[in-house]
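Data block for upload.pdb (PDB, C-alpha atoms):
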```
ATOM      1  CA  MET H1423      13.175 -19.390 -26.992  1.00  0.00           C
ATOM      2  CA  ASP H1424      16.446 -18.330 -25.421  1.00  0.00           C
ATOM      3  CA  MET H1425      17.330 -20.767 -22.615  1.00  0.00           C
ATOM      4  CA  LYS H1426      19.753 -18.326 -20.969  1.00  0.00           C
ATOM      5  CA  LEU H1427      17.020 -15.709 -20.724  1.00  0.00           C
ATOM      6  CA  GLN H1428      14.580 -18.343 -19.449  1.00  0.00           C
ATOM      7  CA  ARG H1429      16.996 -19.222 -16.674  1.00  0.00           C
ATOM      8  CA  LEU H1430      17.560 -15.538 -15.961  1.00  0.00           C
ATOM      9  CA  LEU H1431      13.800 -15.088 -15.504  1.00  0.00           C
ATOM     10  CA  GLN H1432      13.597 -18.058 -13.137  1.00  0.00           C
ATOM     11  CA  ASP H1433      16.565 -16.811 -11.113  1.00  0.00           C
ATOM     12  CA  ALA H1434      15.154 -13.274 -10.982  1.00  0.00           C
ATOM     13  CA  ALA H1435      11.823 -14.635  -9.731  1.00  0.00           C
ATOM     14  CA  TRP H1436      13.625 -16.659  -7.038  1.00  0.00           C
ATOM     15  CA  ASP H1437      15.613 -13.589  -5.982  1.00  0.00           C
ATOM     16  CA  GLY H1438      12.662 -11.194  -6.134  1.00  0.00           C
ATOM     17  CA  ASP H1439      14.326  -9.029  -8.775  1.00  0.00           C
ATOM     18  CA  VAL H1440      11.189  -7.196  -9.895  1.00  0.00           C
ATOM     19  CA  LEU H1441      12.912  -5.063 -12.532  1.00  0.00           C
ATOM     20  CA  THR H1442      14.444  -8.055 -14.303  1.00  0.00           C
ATOM     21  CA  VAL H1443      11.196 -10.021 -14.121  1.00  0.00           C
ATOM     22  CA  ALA H1444       9.275  -7.025 -15.504  1.00  0.00           C
ATOM     23  CA  HIS H1445      11.713  -6.744 -18.399  1.00  0.00           C
ATOM     24  CA  LEU H1446      11.772 -10.449 -19.231  1.00  0.00           C
ATOM     25  CA  VAL H1447       8.058 -11.259 -19.052  1.00  0.00           C
ATOM     26  CA  SER H1448       7.509  -9.274 -22.237  1.00  0.00           C
ATOM     27  CA  HIS H1449      10.708 -10.316 -24.012  1.00  0.00           C
ATOM     28  CA  PRO H1450       9.934 -12.106 -27.303  1.00  0.00           C
ATOM     29  CA  ASP H1451      12.487 -14.857 -26.607  1.00  0.00           C
ATOM     30  CA  VAL H1452      11.101 -15.705 -23.156  1.00  0.00           C
ATOM     31  CA  ASP H1453       8.087 -17.845 -22.280  1.00  0.00           C
ATOM     32  CA  PRO H1454       7.191 -17.282 -18.608  1.00  0.00           C
ATOM     33  CA  ALA H1455       4.862 -20.312 -18.717  1.00  0.00           C
ATOM     34  CA  ASP H1456       7.662 -22.629 -19.855  1.00  0.00           C
ATOM     35  CA  ASP H1457       8.836 -25.500 -17.669  1.00  0.00           C
ATOM     36  CA  HIS H1458       5.535 -25.693 -15.762  1.00  0.00           C
ATOM     37  CA  SER H1459       5.659 -21.966 -14.947  1.00  0.00           C
ATOM     38  CA  THR H1460       8.784 -22.397 -12.845  1.00  0.00           C
ATOM     39  CA  ALA H1461       9.334 -18.649 -12.515  1.00  0.00           C
ATOM     40  CA  LEU H1462       5.908 -18.296 -10.886  1.00  0.00           C
ATOM     41  CA  LEU H1463       6.636 -21.260  -8.602  1.00  0.00           C
ATOM     42  CA  HIS H1464       9.909 -19.669  -7.513  1.00  0.00           C
ATOM     43  CA  ALA H1465       8.357 -16.272  -6.820  1.00  0.00           C
ATOM     44  CA  ALA H1466       5.480 -17.845  -4.874  1.00  0.00           C
ATOM     45  CA  HIS H1467       7.808 -20.097  -2.868  1.00  0.00           C
ATOM     46  CA  ARG H1468       9.883 -17.125  -1.776  1.00  0.00           C
ATOM     47  CA  GLY H1469       6.929 -14.785  -1.240  1.00  0.00           C
ATOM     48  CA  HIS H1470       7.990 -12.230  -3.824  1.00  0.00           C
ATOM     49  CA  TRP H1471       4.467 -10.965  -4.378  1.00  0.00           C
ATOM     50  CA  ARG H1472       5.416  -8.230  -6.833  1.00  0.00           C
ATOM     51  CA  CYS H1473       7.018 -10.866  -9.068  1.00  0.00           C
ATOM     52  CA  VAL H1474       3.973 -13.114  -8.590  1.00  0.00           C
ATOM     53  CA  GLU H1475       1.785 -10.204  -9.665  1.00  0.00           C
ATOM     54  CA  LEU H1476       3.833  -9.742 -12.860  1.00  0.00           C
ATOM     55  CA  LEU H1477       3.959 -13.452 -13.641  1.00  0.00           C
ATOM     56  CA  ILE H1478       0.315 -14.418 -13.108  1.00  0.00           C
ATOM     57  CA  PRO H1479      -0.974 -12.950 -16.401  1.00  0.00           C
ATOM     58  CA  VAL H1480       1.747 -14.665 -18.462  1.00  0.00           C
ATOM     59  CA  SER H1481       2.077 -17.955 -16.574  1.00  0.00           C
ATOM     60  CA  ASN H1482      -0.225 -20.835 -15.714  1.00  0.00           C
ATOM     61  CA  ALA H1483      -1.060 -20.798 -12.008  1.00  0.00           C
ATOM     62  CA  LEU H1484      -2.847 -24.135 -12.461  1.00  0.00           C
ATOM     63  CA  GLU H1485       0.391 -25.989 -13.283  1.00  0.00           C
ATOM     64  CA  ARG H1486       1.127 -28.970 -11.067  1.00  0.00           C
ATOM     65  CA  ASP H1487      -2.262 -28.735  -9.321  1.00  0.00           C
ATOM     66  CA  SER H1488      -1.796 -25.070  -8.421  1.00  0.00           C
ATOM     67  CA  GLU H1489       1.539 -25.715  -6.763  1.00  0.00           C
ATOM     68  CA  ALA H1490       2.381 -21.999  -6.767  1.00  0.00           C
ATOM     69  CA  LEU H1491      -0.518 -21.347  -4.394  1.00  0.00           C
ATOM     70  CA  TRP H1492       0.465 -24.278  -2.203  1.00  0.00           C
ATOM     71  CA  ARG H1493       4.062 -23.054  -1.969  1.00  0.00           C
ATOM     72  CA  ALA H1494       3.032 -19.510  -1.094  1.00  0.00           C
ATOM     73  CA  ALA H1495       0.593 -20.790   1.528  1.00  0.00           C
ATOM     74  CA  LYS H1496       3.040 -23.345   2.979  1.00  0.00           C
ATOM     75  CA  HIS H1497       5.581 -20.612   3.605  1.00  0.00           C
ATOM     76  CA  ARG H1498       2.878 -18.266   4.922  1.00  0.00           C
ATOM     77  CA  HIS H1499       3.317 -15.597   2.278  1.00  0.00           C
ATOM     78  CA  ARG H1500      -0.093 -13.975   2.576  1.00  0.00           C
ATOM     79  CA  LYS H1501       0.285 -11.380  -0.191  1.00  0.00           C
ATOM     80  CA  ALA H1502       1.417 -13.967  -2.728  1.00  0.00           C
ATOM     81  CA  THR H1503      -1.297 -16.361  -1.542  1.00  0.00           C
ATOM     82  CA  ARG H1504      -3.935 -13.650  -1.884  1.00  0.00           C
ATOM     83  CA  LEU H1505      -2.860 -13.011  -5.491  1.00  0.00           C
ATOM     84  CA  LEU H1506      -2.857 -16.708  -6.394  1.00  0.00           C
ATOM     85  CA  VAL H1507      -6.163 -17.809  -4.854  1.00  0.00           C
ATOM     86  CA  PRO H1508      -8.391 -16.388  -7.623  1.00  0.00           C
ATOM     87  CA  VAL H1509      -6.374 -18.066 -10.403  1.00  0.00           C
ATOM     88  CA  SER H1510      -5.790 -21.409  -8.691  1.00  0.00           C
ATOM     89  CA  ASP H1511      -7.741 -24.609  -8.127  1.00  0.00           C
ATOM     90  CA  THR H1512      -7.223 -26.597  -4.932  1.00  0.00           C
ATOM     91  CA  ARG H1513      -9.555 -29.467  -5.873  1.00  0.00           C
ATOM     92  CA  GLY H1514      -6.587 -31.598  -6.975  1.00  0.00           C
ATOM     93  CA  TRP H1515      -4.676 -31.154  -3.734  1.00  0.00           C
ATOM     94  CA  GLY H1516      -4.029 -34.236  -1.666  1.00  0.00           C
ATOM     95  CA  ARG H1517      -4.757 -34.430   2.034  1.00  0.00           C
ATOM     96  CA  TRP H1518      -1.008 -34.164   2.722  1.00  0.00           C
ATOM     97  CA  GLN H1519      -0.898 -30.755   1.021  1.00  0.00           C
ATOM     98  CA  TRP H1520      -3.622 -29.397   3.273  1.00  0.00           C
ATOM     99  CA  ASP H1521      -2.011 -31.052   6.303  1.00  0.00           C
ATOM    100  CA  ASP H1522       1.305 -29.360   5.465  1.00  0.00           C
ATOM    101  CA  LEU H1523      -0.252 -25.897   5.821  1.00  0.00           C
ATOM    102  CA  SER H1524      -0.886 -24.068   9.050  1.00  0.00           C
ATOM    103  CA  PRO H1525      -4.490 -24.357  10.271  1.00  0.00           C
ATOM    104  CA  ALA H1526      -4.860 -20.577  10.003  1.00  0.00           C
ATOM    105  CA  MET H1527      -3.715 -20.607   6.369  1.00  0.00           C
ATOM    106  CA  VAL H1528      -6.067 -23.497   5.532  1.00  0.00           C
ATOM    107  CA  ALA H1529      -8.982 -21.568   7.024  1.00  0.00           C
ATOM    108  CA  TRP H1530      -7.937 -18.391   5.223  1.00  0.00           C
ATOM    109  CA  ILE H1531      -7.712 -20.166   1.830  1.00  0.00           C
ATOM    110  CA  HIS H1532     -11.062 -21.874   2.290  1.00  0.00           C
ATOM    111  CA  GLU H1533     -12.628 -18.556   3.210  1.00  0.00           C
ATOM    112  CA  ALA H1534     -10.988 -16.815   0.249  1.00  0.00           C
ATOM    113  CA  ILE H1535     -12.274 -19.397  -2.239  1.00  0.00           C
ATOM    114  CA  GLY H1536     -15.688 -19.439  -0.610  1.00  0.00           C
ATOM    115  CA  GLU H1537     -15.610 -23.003   0.676  1.00  0.00           C
ATOM    116  CA  THR H1538     -16.571 -24.376   4.004  1.00  0.00           C
ATOM    117  CA  ILE H1539     -14.105 -26.759   5.583  1.00  0.00           C
ATOM    118  CA  LYS H1540     -15.403 -30.289   5.708  1.00  0.00           C
ATOM    119  CA  ALA H1541     -14.510 -31.967   8.964  1.00  0.00           C
TER
END
```
Same coordinates, now as structure tokens:
Amino acid sequence: MDMKLQRLLQDAAWDGDVLTVAHLVSHPDVDPADDHSTALLHAAHRGHWRCVELLIPVSNALERDSEALWRAAKHRHRKATRLLVPVSDTRGWGRWQWDDLSPAMVAWIHEAIGETIKA
């Protein structure tokens, strides 16, 4: 694994550089799932849904209790959230994570995963 290329992928995901992400996700010296799928976390955090879309198949959206989904939802990035819901698991989230999201986003996530909100 080439650490410079790994860092380049993470930076490209943070910046939303879709072309660089697309090139690096298939590079033999790059592991998009490395370092707890940091590239996916960065793209989700910033709402770069096209990068999220490229990274989901080669990353692990379940890393850190589906933190990528939480980050996308916290920052109200609906497109990135929509992409991450089917590959994420919110059962490990703490109450504080739900409380940190907007009520509308909480309702939207629960609806998307087919859960009813328990009062």
- Query: Hey, what's within 10 Å of Thr1512 in chain H if we count all atoms listed in the file and toss same-chain stuff fewer than 5 positions away? As a PyMOL selection string, please?
  - Reply: chain H and resi 1484+1487-1489+1491-1492+1507+1519-1520+1531-1532+1535
- Any chance you could resolve the PyMOL selection byres ((chain H and resi 1527) around 10) against this file and give the residues as a ChimeraX atom specification? /H:1495-1500,1503,1520,1523-1526,1528-1533
- Query: Mind telling me what the PyMOL selection byres ((chain H and resi 1427-1439) around 8) catches here, as a PyMOL selection string?
  - Reply: chain H and resi 1423-1426+1440-1443+1446-1447+1451-1454+1460-1462+1464-1465+1467-1468+1470+1472-1473
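In this structure, CA of Leu1476 in chain H sits 6.6 Å away from CA of Ala1444 in chain H.
Reported to one decimal place, the separation of CA of Arg1517 in chain H from CA of Ala1455 in chain H is 26.9 Å.
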- Message: Taking (-0.8, -10.3, -4.7) in the coordinates of the supplied file, I want to know which residues reach to within 6 Å of it, counting all atoms listed in the file; could you give the answer as a ChimeraX atom specification?
- Response: /H:1471,1475,1501-1502,1504-1505
- d(CA of Ala1483 in chain H, CA of His1445 in chain H) in Å: 20.0 Å
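Residue nearest His1458 in chain H, chosen from H:Ala1494, H:Val1480, H:Ala1534, H:Leu1506 and counting only C-alpha atoms: H:Val1480.
Of the listed residues (H:Val1474, H:Pro1479, H:Glu1485, H:Gly1516), H:Glu1485 comes nearest to Asp1456 in chain H; the distances count only C-alpha atoms.
The smallest atom-to-atom distance between Arg1493 in chain H and any of H:Pro1450, H:Ala1466, H:Trp1515, H:Leu1477, using only C-alpha atoms, is found for H:Ala1466.
Taking all atoms listed in the file into account, Ser1448 in chain H lies nearest to H:Ser1481 out of the set H:Arg1486, H:Ser1510, H:Gly1536, H:Ser1481.
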Limit the output to C-alpha atoms and give chain H as a short mmCIF file (atom, residue, chain, number, x, y, z; two decimals), in the first residue's frame.
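To be explicit, this is the file written out as selection_32.cif:
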```cif
data_model
loop_
_atom_site.label_atom_id
_atom_site.label_comp_id
_atom_site.auth_asym_id
_atom_site.auth_seq_id
_atom_site.Cartn_x
_atom_site.Cartn_y
_atom_site.Cartn_z
CA MET H 1423 0.00 0.00 0.00
CA ASP H 1424 1.28 3.43 -0.95
CA MET H 1425 0.69 5.83 1.96
CA LYS H 1426 1.01 8.92 -0.25
CA LEU H 1427 -1.74 7.63 -2.52
CA GLN H 1428 -3.85 6.70 0.52
CA ARG H 1429 -3.57 10.26 1.78
CA LEU H 1430 -4.33 11.58 -1.69
CA LEU H 1431 -7.55 9.53 -1.72
CA GLN H 1432 -8.58 10.84 1.70
CA ASP H 1433 -7.85 14.43 0.69
CA ALA H 1434 -9.71 14.02 -2.61
CA ALA H 1435 -12.73 12.64 -0.74
CA TRP H 1436 -12.64 15.60 1.67
CA ASP H 1437 -12.41 18.04 -1.24
CA GLY H 1438 -15.03 16.28 -3.37
CA ASP H 1439 -12.57 15.63 -6.18
CA VAL H 1440 -14.62 12.96 -7.96
CA LEU H 1441 -12.11 12.34 -10.75
CA THR H 1442 -9.24 11.66 -8.35
CA VAL H 1443 -11.41 9.46 -6.14
CA ALA H 1444 -12.61 7.52 -9.20
CA HIS H 1445 -9.02 6.96 -10.30
CA LEU H 1446 -7.71 5.95 -6.88
CA VAL H 1447 -10.46 3.58 -5.76
CA SER H 1448 -9.29 1.05 -8.34
CA HIS H 1449 -5.56 1.68 -7.97
CA PRO H 1450 -3.73 -1.50 -6.89
CA ASP H 1451 -1.68 0.36 -4.27
CA VAL H 1452 -4.70 1.96 -2.58
CA ASP H 1453 -7.09 0.41 -0.06
CA PRO H 1454 -10.17 2.65 0.27
CA ALA H 1455 -11.25 0.71 3.38
CA ASP H 1456 -7.95 1.41 5.16
CA ASP H 1457 -7.84 3.48 8.33
CA HIS H 1458 -11.49 2.75 9.20
CA SER H 1459 -12.66 3.87 5.75
CA THR H 1460 -11.52 7.43 6.37
CA ALA H 1461 -12.07 8.47 2.76
CA LEU H 1462 -15.74 7.51 3.05
CA LEU H 1463 -16.01 9.35 6.37
CA HIS H 1464 -14.54 12.48 4.79
CA ALA H 1465 -16.83 12.39 1.77
CA ALA H 1466 -19.90 11.80 3.96
CA HIS H 1467 -18.93 14.56 6.40
CA ARG H 1468 -18.64 17.07 3.58
CA GLY H 1469 -21.69 15.82 1.66
CA HIS H 1470 -19.79 14.86 -1.48
CA TRP H 1471 -22.37 12.30 -2.54
CA ARG H 1472 -20.68 11.39 -5.82
CA CYS H 1473 -17.54 10.45 -3.87
CA VAL H 1474 -19.68 8.57 -1.34
CA GLU H 1475 -21.26 6.68 -4.22
CA LEU H 1476 -17.82 5.66 -5.54
CA LEU H 1477 -16.48 4.73 -2.11
CA ILE H 1478 -19.37 2.65 -0.76
CA PRO H 1479 -18.59 -0.49 -2.80
CA VAL H 1480 -14.91 -0.47 -1.81
CA SER H 1481 -15.17 0.78 1.78
CA ASN H 1482 -16.86 -0.40 4.95
CA ALA H 1483 -19.80 1.85 5.80
CA LEU H 1484 -20.19 -0.04 9.09
CA GLU H 1485 -16.86 1.24 10.45
CA ARG H 1486 -17.08 3.04 13.77
CA ASP H 1487 -20.77 2.17 14.20
CA SER H 1488 -21.73 3.57 10.79
CA GLU H 1489 -20.11 6.91 11.51
CA ALA H 1490 -20.22 7.88 7.83
CA LEU H 1491 -24.02 7.86 7.95
CA TRP H 1492 -24.05 9.81 11.20
CA ARG H 1493 -21.72 12.46 9.77
CA ALA H 1494 -23.76 12.86 6.60
CA ALA H 1495 -26.98 13.09 8.61
CA LYS H 1496 -25.52 15.48 11.22
CA HIS H 1497 -24.54 17.92 8.49
CA ARG H 1498 -27.88 17.42 6.72
CA HIS H 1499 -26.44 16.03 3.51
CA ARG H 1500 -29.53 14.22 2.27
CA LYS H 1501 -28.05 12.69 -0.89
CA ALA H 1502 -25.09 11.22 0.98
CA THR H 1503 -27.40 10.07 3.79
CA ARG H 1504 -29.73 8.41 1.29
CA LEU H 1505 -26.80 6.47 -0.21
CA LEU H 1506 -25.49 5.37 3.19
CA VAL H 1507 -28.72 4.25 4.87
CA PRO H 1508 -28.97 0.89 3.06
CA VAL H 1509 -25.37 -0.08 3.92
CA SER H 1510 -25.32 1.20 7.50
CA ASP H 1511 -26.50 -0.01 10.89
CA THR H 1512 -27.69 2.49 13.48
CA ARG H 1513 -28.28 -0.06 16.25
CA GLY H 1514 -24.92 0.80 17.85
CA TRP H 1515 -25.59 4.53 17.97
CA GLY H 1516 -25.76 6.15 21.37
CA ARG H 1517 -28.57 8.43 22.42
CA TRP H 1518 -26.22 11.41 22.01
CA GLN H 1519 -25.77 10.60 18.32
CA TRP H 1520 -29.51 10.68 17.71
CA ASP H 1521 -29.84 13.81 19.85
CA ASP H 1522 -27.16 15.53 17.75
CA LEU H 1523 -29.26 15.18 14.59
CA SER H 1524 -32.12 17.41 13.57
CA PRO H 1525 -35.54 15.95 14.41
CA ALA H 1526 -36.42 15.94 10.70
CA MET H 1527 -33.29 13.96 9.84
CA VAL H 1528 -33.96 11.46 12.66
CA ALA H 1529 -37.48 10.91 11.35
CA TRP H 1530 -36.22 10.61 7.78
CA ILE H 1531 -33.57 8.00 8.75
CA HIS H 1532 -36.05 5.97 10.78
CA GLU H 1533 -38.47 6.03 7.88
CA ALA H 1534 -35.74 5.07 5.41
CA ILE H 1535 -34.64 2.06 7.48
CA GLY H 1536 -38.23 1.07 8.15
CA GLU H 1537 -38.25 1.67 11.89
CA THR H 1538 -40.77 3.39 14.03
CA ILE H 1539 -39.41 5.91 16.49
CA LYS H 1540 -39.75 4.75 20.06
CA ALA H 1541 -40.76 7.58 22.33
#
```
